[in-house]
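Novice: Right, I'll just put the structure down here and ask away after.
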Amino acid sequence: MAEGKATLLISCIDRPGIIARVATHLFTLGCNIITSDQYSDDEDGHFFWRIHFESLRQPVSELSKELDASMPSLLPWERLKWALFDAAKRDRIIVMVSRLPHCMMDLLSRHHVGELDGDVVGVVSNHPDLESLVRPFEVPFTVIPVLKDRKAESEAALLKYLGEMRADNVVLARYMQVLSGEFLRAWNQPIVNIHHSFLPAFAGQRPHKQAHDRGVKLIGATAHYVTEELDAGPIIAQATAPMTHRDTVADLARKGKDLEVMVLAKAVRAHLKKQVLLHHNRTIVFE
């Protein structure tokens, strides 16, 4: 009987024998591979691998100790990065929002019906407006105001809150505040964000107005990881919808919201399922 399932992510310089070495090693540790997805980047010679497997002889926690000791010698190549995730551990998610509820409501609904491989344990906002919408989901709603010239205090309070909630993941569901580099370095975990435009075009403020003024024929939405550079983090998922000359700015905004909901949900699912590997400012996303 299996002790548990896990996902192993590996990235390193590509060399012959990586798959054979790791697969054989997992077999000797009593593991059975369920799915395996790999990708080799010919441009810079990197190899990326996602392995989902079951441990037949020992708990995943014990297996993790074995891999800690053996991986550096098993793959003694440049730029080796690897991480093991216990499938039995459900990530604790904090959703952050300002005043627009559509992305937050979609995530709460998906969590309510069991569609997310994680638990939404709190909603944080810089405004109190949406508390009545969150209350029926029985998820704690916390207001952390962001006051002018006191942003550092707000981010300190946010970091304290994330620690108290034992948060694993943060999702920005139309949180209209820029997180500082100091905060990102202190949190030191990927943060998923939704941008109401098809990046890198029309970044920044009022993208629907920018798109309308340019007469675009496609509108889009982009989910990406947060970096210090605004709207420039590694992209996880995108989608577009067709526009015509008859569409108003309001039409673009409405269709854009539909895309935002879909794209953010796709990105959050991929992130929670450990399907995303980061490489510089790019992502490798295994379906």
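As shown in the structure tokens, the chain order sets the letters A, B, ...; within each chain, residues go from 1, and ligands are also counted from 1 in the order they appear.
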Extract the full set of strand (DSSP E) residues from range 89-229 of chain A according to DSSP on the backbone, and format it as JSON, numbers by chain.
Specialist: {"A": [91, 92, 93, 94, 95, 96, 97, 118, 119, 120, 121, 122, 123, 124, 125, 141, 142, 143, 169, 170, 171, 172, 191, 192, 193, 194, 195, 218, 219, 220, 221, 222, 223, 224, 225]}
Novice: Could you give me, as a list in words, the residues within 8 Å of range 169-182 of chain A, counting only C-alpha atoms and dropping anything in the same chain fewer than 4 positions from it?
Specialist: Asp91, Arg92, Ile93, Ile94, Val95, Met96, Val97, Ser98, Arg99, Leu100, Pro101, Cys103, Met104, Ser125, Glu155, Ala186, Gln189, Pro190, Ile191, Val192, Asn193, Ile194, His195, Thr227, Glu228, Leu230, Leu264 and Val268 of chain A
Novice: Kindly provide the residues of range 75-134 of chain A that approach range 33-47 of chain A to within 12 Å, each paired with its closest atom pair and their distance in Å to one decimal, based on only C-alpha atoms, listed by chain and increasing number, as CSV.
Specialist:
residue,atom,partner,partner_atom,distance
A:Leu75,CA,A:Phe47,CA,11.8
A:Trp77,CA,A:His46,CA,10.8
A:Glu78,CA,A:His46,CA,9.7
A:Arg79,CA,A:His46,CA,9.0
A:Leu80,CA,A:Phe47,CA,9.6
A:Lys81,CA,A:Phe47,CA,10.5
A:Trp82,CA,A:Phe47,CA,11.6
Novice: Enumerate as an NGL selection string all residues of range 75-260 of chain A assigned to helix (DSSP H, G or I) by DSSP on the backbone, naming them with the chain letters and numbers the document uses.
Specialist: :A and (102-112 or 131-137 or 151-164 or 181-187 or 207-214 or 249-260)
Novice: Quick check, in Å to one decimal: how far apart do CA of Val276 in chain A and CA of Glu260 in chain A lie?
Specialist: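 Distance reported for this atom pair: 19.1 Å.
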Novice: Using only C-alpha atoms, can you tell me which of A:Ile10, A:Val249, A:Ala232, A:Ala167 comes closest to Ile219 in chain A?
Specialist: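 Closest residue, counting only C-alpha atoms: A:Val249.
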Novice: Show which residues sit within 8 Å of Ala221 in chain A, as a PyMOL selection string. Count only C-alpha atoms, and ignore same-chain residues fewer than 3 positions away.
Specialist: chain A and resi 194-199+238-240+256+259-260+263
Novice: Could you dump the residues just selected with N, CA and C atoms as a PDB file, in the first residue's frame?
Specialist:
ATOM      1  N   ILE A 194      -3.231  38.818 -11.239  1.00  0.00           N
ATOM      2  CA  ILE A 194      -3.973  38.920 -12.494  1.00  0.00           C
ATOM      3  C   ILE A 194      -3.876  40.359 -12.990  1.00  0.00           C
ATOM      4  N   HIS A 195      -3.566  40.507 -14.271  1.00  0.00           N
ATOM      5  CA  HIS A 195      -3.511  41.843 -14.876  1.00  0.00           C
ATOM      6  C   HIS A 195      -4.578  41.913 -15.962  1.00  0.00           C
ATOM      7  N   HIS A 196      -5.319  42.998 -15.973  1.00  0.00           N
ATOM      8  CA  HIS A 196      -6.443  43.152 -16.890  1.00  0.00           C
ATOM      9  C   HIS A 196      -5.991  43.662 -18.261  1.00  0.00           C
ATOM     10  N   SER A 197      -5.021  42.963 -18.827  1.00  0.00           N
ATOM     11  CA  SER A 197      -4.554  43.270 -20.175  1.00  0.00           C
ATOM     12  C   SER A 197      -3.724  42.093 -20.663  1.00  0.00           C
ATOM     13  N   PHE A 198      -3.483  42.061 -21.962  1.00  0.00           N
ATOM     14  CA  PHE A 198      -2.641  41.018 -22.550  1.00  0.00           C
ATOM     15  C   PHE A 198      -1.207  41.532 -22.558  1.00  0.00           C
ATOM     16  N   LEU A 199      -0.482  41.238 -21.473  1.00  0.00           N
ATOM     17  CA  LEU A 199       0.882  41.747 -21.346  1.00  0.00           C
ATOM     18  C   LEU A 199       1.782  41.132 -22.420  1.00  0.00           C
ATOM     19  N   GLN A 238      -2.474  33.154 -20.163  1.00  0.00           N
ATOM     20  CA  GLN A 238      -3.075  34.282 -20.865  1.00  0.00           C
ATOM     21  C   GLN A 238      -4.267  33.801 -21.689  1.00  0.00           C
ATOM     22  N   ALA A 239      -5.147  34.736 -22.033  1.00  0.00           N
ATOM     23  CA  ALA A 239      -6.266  34.434 -22.921  1.00  0.00           C
ATOM     24  C   ALA A 239      -6.703  35.721 -23.603  1.00  0.00           C
ATOM     25  N   THR A 240      -7.353  35.569 -24.762  1.00  0.00           N
ATOM     26  CA  THR A 240      -7.839  36.716 -25.509  1.00  0.00           C
ATOM     27  C   THR A 240      -9.276  36.478 -25.955  1.00  0.00           C
ATOM     28  N   GLY A 256     -13.262  41.770 -20.612  1.00  0.00           N
ATOM     29  CA  GLY A 256     -11.992  41.588 -19.931  1.00  0.00           C
ATOM     30  C   GLY A 256     -12.152  40.906 -18.590  1.00  0.00           C
ATOM     31  N   LEU A 259     -12.408  37.233 -18.980  1.00  0.00           N
ATOM     32  CA  LEU A 259     -11.096  36.630 -19.224  1.00  0.00           C
ATOM     33  C   LEU A 259     -10.267  36.571 -17.947  1.00  0.00           C
ATOM     34  N   GLU A 260     -10.318  37.621 -17.146  1.00  0.00           N
ATOM     35  CA  GLU A 260      -9.536  37.660 -15.906  1.00  0.00           C
ATOM     36  C   GLU A 260      -9.891  36.490 -14.993  1.00  0.00           C
ATOM     37  N   VAL A 263      -8.514  33.200 -16.563  1.00  0.00           N
ATOM     38  CA  VAL A 263      -7.052  33.116 -16.597  1.00  0.00           C
ATOM     39  C   VAL A 263      -6.477  32.991 -15.191  1.00  0.00           C
TER      40      VAL A 263
END
